[in-house]
Amino acid sequence: MKIFPAIDLRGGRVVRLTRGDFDRMNVYGEDPAAAARAFRAAGADCLHVVDLDGARAGTPQNGDALRAIAAVEGLFVQVGGGLRSPQAVEETLALGARRVILGTAALSDAPFLDAMLKQYGERIAVGVDARDGRVAVDGWTRTTGEDAFSFCRSLQERGVSTVVYTDISRDGMLAGANLEAYRRLCALDGLRIIASGGIHSAGEIARLRDMGVDGAIVGKALYEGKLTVQVALEAAKGGRA
């Protein structure tokens, strides 16, 4: 299982939100590239980057920060936030992202998702952000009536290979992931699941690994010192948890 340390960007800074609330934000650094280098030095080879400004605005807003992050050698960088047009996807990949994550547009614009899958294949993932089991969009500011699990199943049927599933109620709370949701999702054959939201311990990472989750995004637990990259990586590969 892969470990993705998280870098959330707002105004060019490294931040974390609590339950997706922009009014409950902690700033953890002024230099996103320095954060990426620190994660790489600790052993990480994957990174999850979210352009929070882009998610709210509908177009990417932190291109300079992303370019600097992607320039760090040895990192597979996946990026989401505001990717709602072919131009935005193309430009984000050109900045160095290895995979892009479509969110709002994957739900609201099916032809766009299909076109991006046809053009870029496995370099396209879909982010499914769930609040009370329903899909949330527009930077988590609006909850739809779409059932999150049913939506994931429809994505698998349409050829999406990777889903980043976030339980918003757990995000930034250090209270543990929604393990039952990931058990259900892992039953969808042919769909790689990346877990996000509340992951805070090696034991939890081990449980996600054992149920077949492909990757785990870890954010606040790393920034608050509850977990280290080294411990997370060891648990992910089957070491002592």
# chains A, B, ... in the order shown; residues from 1 in each chain; ligands from 1

call {"tool": "residues_around", "arguments": {"residues": "Ala94 (chain A)", "least_positions_apart": "3", "cutoff": "12 Å", "atoms": "only C-alpha atoms", "output": "list in words"}}
result
Gly63, Leu66, Arg67, Ala70, Ala71, Val79, Gln87, Ala88, Val89, Glu90, Glu91, Ala97, Arg98, Arg99 and Val100 of chain A

call {"tool": "residues_around", "arguments": {"residues": "Ala177 (chain A)", "least_positions_apart": "3", "cutoff": "6 Å", "atoms": "only C-alpha atoms", "output": "list in words"}}
result
Gly197, Gly198 and Ile199 of chain A

call {"tool": "residues_around", "arguments": {"residues": "Asp31 (chain A)", "least_positions_apart": "4", "cutoff": "9 Å", "atoms": "only C-alpha atoms", "output": "number ranges by chain"}}
result
A: 12-14, 35-36, 65

call {"tool": "write_last_selection", "arguments": {"atoms": "N, CA, C and O atoms", "output": "PDB file, in the first residue's frame"}}
result
ATOM      1  N   GLY A  12      -0.748  29.869  -1.566  1.00  0.00           N
ATOM      2  CA  GLY A  12       0.653  29.502  -1.668  1.00  0.00           C
ATOM      3  C   GLY A  12       1.257  28.942  -0.402  1.00  0.00           C
ATOM      4  O   GLY A  12       2.451  28.638  -0.371  1.00  0.00           O
ATOM      5  N   ARG A  13       0.451  28.741   0.634  1.00  0.00           N
ATOM      6  CA  ARG A  13       0.934  28.216   1.908  1.00  0.00           C
ATOM      7  C   ARG A  13       0.440  26.791   2.131  1.00  0.00           C
ATOM      8  O   ARG A  13      -0.527  26.343   1.518  1.00  0.00           O
ATOM      9  N   VAL A  14       1.116  26.084   3.030  1.00  0.00           N
ATOM     10  CA  VAL A  14       0.723  24.732   3.415  1.00  0.00           C
ATOM     11  C   VAL A  14      -0.255  24.836   4.577  1.00  0.00           C
ATOM     12  O   VAL A  14       0.091  25.356   5.645  1.00  0.00           O
ATOM     13  N   ALA A  35       8.230  21.633   2.240  1.00  0.00           N
ATOM     14  CA  ALA A  35       7.468  20.538   2.841  1.00  0.00           C
ATOM     15  C   ALA A  35       7.608  19.275   2.006  1.00  0.00           C
ATOM     16  O   ALA A  35       7.779  18.166   2.548  1.00  0.00           O
ATOM     17  N   ALA A  36       7.545  19.415   0.678  1.00  0.00           N
ATOM     18  CA  ALA A  36       7.704  18.258  -0.200  1.00  0.00           C
ATOM     19  C   ALA A  36       9.088  17.638  -0.040  1.00  0.00           C
ATOM     20  O   ALA A  36       9.229  16.406   0.015  1.00  0.00           O
ATOM     21  N   ALA A  65       3.290  27.087  -6.852  1.00  0.00           N
ATOM     22  CA  ALA A  65       3.593  26.160  -5.758  1.00  0.00           C
ATOM     23  C   ALA A  65       3.642  24.735  -6.266  1.00  0.00           C
ATOM     24  O   ALA A  65       4.532  23.949  -5.888  1.00  0.00           O
TER      25      ALA A  65
END

call {"tool": "closest_residue", "arguments": {"among": "A:Lys118, A:Arg16, A:Lys2, A:His200", "to": "Gly225 (chain A)", "atoms": "only C-alpha atoms"}}
result
A:His200

call {"tool": "residues_around", "arguments": {"residues": "Cys46 (chain A)", "least_positions_apart": "5", "cutoff": "9 Å", "atoms": "only C-alpha atoms", "output": "list of chain:residue names"}}
result
A:Lys2, A:Ile3, A:Phe4, A:Pro5, A:Phe39, A:Arg40, A:Gly74, A:Leu75, A:Phe76, A:Val77, A:Gln78

call {"tool": "write_last_selection", "arguments": {"atoms": "all heavy atoms", "output": "short mmCIF file (atom, residue, chain, number, x, y, z; two decimals), in the first residue's frame"}}
result
data_model
loop_
_atom_site.label_atom_id
_atom_site.label_comp_id
_atom_site.auth_asym_id
_atom_site.auth_seq_id
_atom_site.Cartn_x
_atom_site.Cartn_y
_atom_site.Cartn_z
N LYS A 2 0.43 2.26 -0.72
CA LYS A 2 1.20 3.50 -0.83
C LYS A 2 0.77 4.49 0.25
O LYS A 2 -0.38 4.52 0.66
CB LYS A 2 0.98 4.13 -2.21
CG LYS A 2 1.29 3.21 -3.38
CD LYS A 2 0.91 3.86 -4.69
CE LYS A 2 1.04 2.89 -5.84
NZ LYS A 2 0.02 1.81 -5.78
N ILE A 3 1.71 5.30 0.69
CA ILE A 3 1.44 6.38 1.63
C ILE A 3 1.62 7.71 0.90
O ILE A 3 2.66 7.95 0.29
CB ILE A 3 2.36 6.31 2.86
CG1 ILE A 3 2.08 5.03 3.66
CG2 ILE A 3 2.20 7.55 3.74
CD1 ILE A 3 0.70 4.96 4.28
N PHE A 4 0.60 8.55 0.99
CA PHE A 4 0.61 9.87 0.37
C PHE A 4 0.57 10.95 1.45
O PHE A 4 -0.52 11.31 1.91
CB PHE A 4 -0.60 10.06 -0.54
CG PHE A 4 -0.62 9.22 -1.79
CD1 PHE A 4 -1.05 7.90 -1.75
CD2 PHE A 4 -0.25 9.76 -3.00
CE1 PHE A 4 -1.11 7.14 -2.90
CE2 PHE A 4 -0.29 9.00 -4.17
CZ PHE A 4 -0.72 7.68 -4.11
N PRO A 5 1.70 11.49 1.87
CA PRO A 5 1.63 12.69 2.71
C PRO A 5 0.88 13.78 1.94
O PRO A 5 0.99 13.88 0.71
CB PRO A 5 3.10 13.07 2.93
CG PRO A 5 3.84 11.78 2.74
CD PRO A 5 3.10 11.06 1.66
N PHE A 39 9.23 15.63 3.20
CA PHE A 39 8.56 14.34 3.08
C PHE A 39 9.41 13.36 2.28
O PHE A 39 9.51 12.18 2.63
CB PHE A 39 7.19 14.50 2.43
CG PHE A 39 6.15 15.11 3.33
CD1 PHE A 39 5.31 16.12 2.86
CD2 PHE A 39 5.97 14.67 4.63
CE1 PHE A 39 4.34 16.67 3.67
CE2 PHE A 39 5.00 15.22 5.46
CZ PHE A 39 4.18 16.23 4.97
N ARG A 40 10.04 13.84 1.21
CA ARG A 40 10.90 12.98 0.40
C ARG A 40 12.10 12.50 1.21
O ARG A 40 12.48 11.32 1.16
CB ARG A 40 11.37 13.73 -0.85
CG ARG A 40 12.24 12.88 -1.77
CD ARG A 40 11.45 11.77 -2.41
NE ARG A 40 12.28 10.85 -3.18
CZ ARG A 40 12.49 9.58 -2.85
NH1 ARG A 40 11.94 9.05 -1.77
NH2 ARG A 40 13.25 8.81 -3.62
N GLY A 74 12.01 12.28 -7.34
CA GLY A 74 11.66 11.03 -6.67
C GLY A 74 10.25 10.97 -6.11
O GLY A 74 9.93 10.02 -5.41
N LEU A 75 9.40 11.95 -6.44
CA LEU A 75 8.04 11.98 -5.91
C LEU A 75 7.02 11.77 -7.02
O LEU A 75 7.09 12.42 -8.07
CB LEU A 75 7.74 13.31 -5.21
CG LEU A 75 8.34 13.53 -3.83
CD1 LEU A 75 8.06 14.96 -3.37
CD2 LEU A 75 7.77 12.52 -2.82
N PHE A 76 6.08 10.87 -6.78
CA PHE A 76 4.89 10.74 -7.62
C PHE A 76 3.84 11.68 -7.03
O PHE A 76 3.34 11.45 -5.93
CB PHE A 76 4.38 9.29 -7.60
CG PHE A 76 3.11 9.06 -8.39
CD1 PHE A 76 3.18 8.53 -9.67
CD2 PHE A 76 1.87 9.36 -7.84
CE1 PHE A 76 2.01 8.30 -10.40
CE2 PHE A 76 0.71 9.14 -8.57
CZ PHE A 76 0.78 8.61 -9.84
N VAL A 77 3.52 12.74 -7.75
CA VAL A 77 2.65 13.78 -7.22
C VAL A 77 1.28 13.68 -7.89
O VAL A 77 1.17 13.78 -9.12
CB VAL A 77 3.24 15.18 -7.45
CG1 VAL A 77 2.31 16.26 -6.90
CG2 VAL A 77 4.62 15.28 -6.80
N GLN A 78 0.24 13.50 -7.08
CA GLN A 78 -1.12 13.56 -7.60
C GLN A 78 -1.77 14.85 -7.08
O GLN A 78 -1.52 15.26 -5.95
CB GLN A 78 -1.93 12.33 -7.19
CG GLN A 78 -2.17 12.16 -5.70
CD GLN A 78 -3.02 10.93 -5.40
OE1 GLN A 78 -3.09 9.98 -6.18
NE2 GLN A 78 -3.68 10.93 -4.25
#

call {"tool": "closest_residue", "arguments": {"among": "A:Lys220, A:Ala55, A:Asp138, A:Thr228", "to": "Met25 (chain A)", "atoms": "only C-alpha atoms"}}
result
A:Lys220

call {"tool": "residues_around", "arguments": {"residues": "Ala57 (chain A)", "least_positions_apart": "5", "cutoff": "10 Å", "atoms": "only C-alpha atoms", "output": "number ranges by chain"}}
result
A: 51-52, 81-82, 138-139

call {"tool": "closest_residue", "arguments": {"among": "A:Met211, A:Ala41, A:Leu93, A:Val218", "to": "Ile124 (chain A)", "atoms": "only C-alpha atoms"}}
result
A:Leu93

call {"tool": "closest_residue", "arguments": {"among": "A:Asp114, A:Leu9, A:Ile69, A:Leu233", "to": "Ala44 (chain A)", "atoms": "only C-alpha atoms"}}
result
A:Leu233

call {"tool": "select_by_dssp", "arguments": {"residues": "region 148-199 of chain A", "states": "strand (DSSP E or B)", "output": "VMD selection string"}}
result
chain A and resid 162 to 167 192 to 196

call {"tool": "residues_around", "arguments": {"residues": "Met116 (chain A)", "least_positions_apart": "2", "cutoff": "12 Å", "atoms": "only C-alpha atoms", "output": "JSON, numbers by chain"}}
result
{"A": [83, 84, 85, 86, 87, 88, 89, 90, 99, 100, 101, 102, 105, 106, 109, 110, 111, 112, 113, 114, 118, 119, 120, 121, 122, 123, 124, 125, 126, 158, 159, 160]}

call {"tool": "closest_residue", "arguments": {"among": "A:Arg153, A:Lys237, A:Arg56, A:Arg184", "to": "Thr141 (chain A)", "atoms": "only C-alpha atoms"}}
result
A:Arg56

call {"tool": "atom_distance", "arguments": {"atom1": "CA of Ser161 (chain A)", "atom2": "CA of Phe149 (chain A)"}}
result
15.2 Å

call {"tool": "atom_distance", "arguments": {"atom1": "CA of Ala148 (chain A)", "atom2": "CA of Gly127 (chain A)"}}
result
10.7 Å

call {"tool": "atom_distance", "arguments": {"atom1": "CA of Gln230 (chain A)", "atom2": "CA of His48 (chain A)"}}
result
16.7 Å

call {"tool": "select_by_dssp", "arguments": {"residues": "region 109-140 of chain A", "states": "helix (DSSP H, G or I)", "output": "JSON, numbers by chain"}}
result
{"A": [110, 111, 112, 113, 114, 115, 116, 117, 118, 119, 120, 121, 122, 123]}

call {"tool": "residues_around", "arguments": {"residues": "region 130-132 of chain A", "least_positions_apart": "6", "cutoff": "8 Å", "atoms": "only C-alpha atoms", "output": "list in words"}}
result
Thr143, Ala148, Tyr165, Thr166, Asp167, Ile168 and Ser169 of chain A
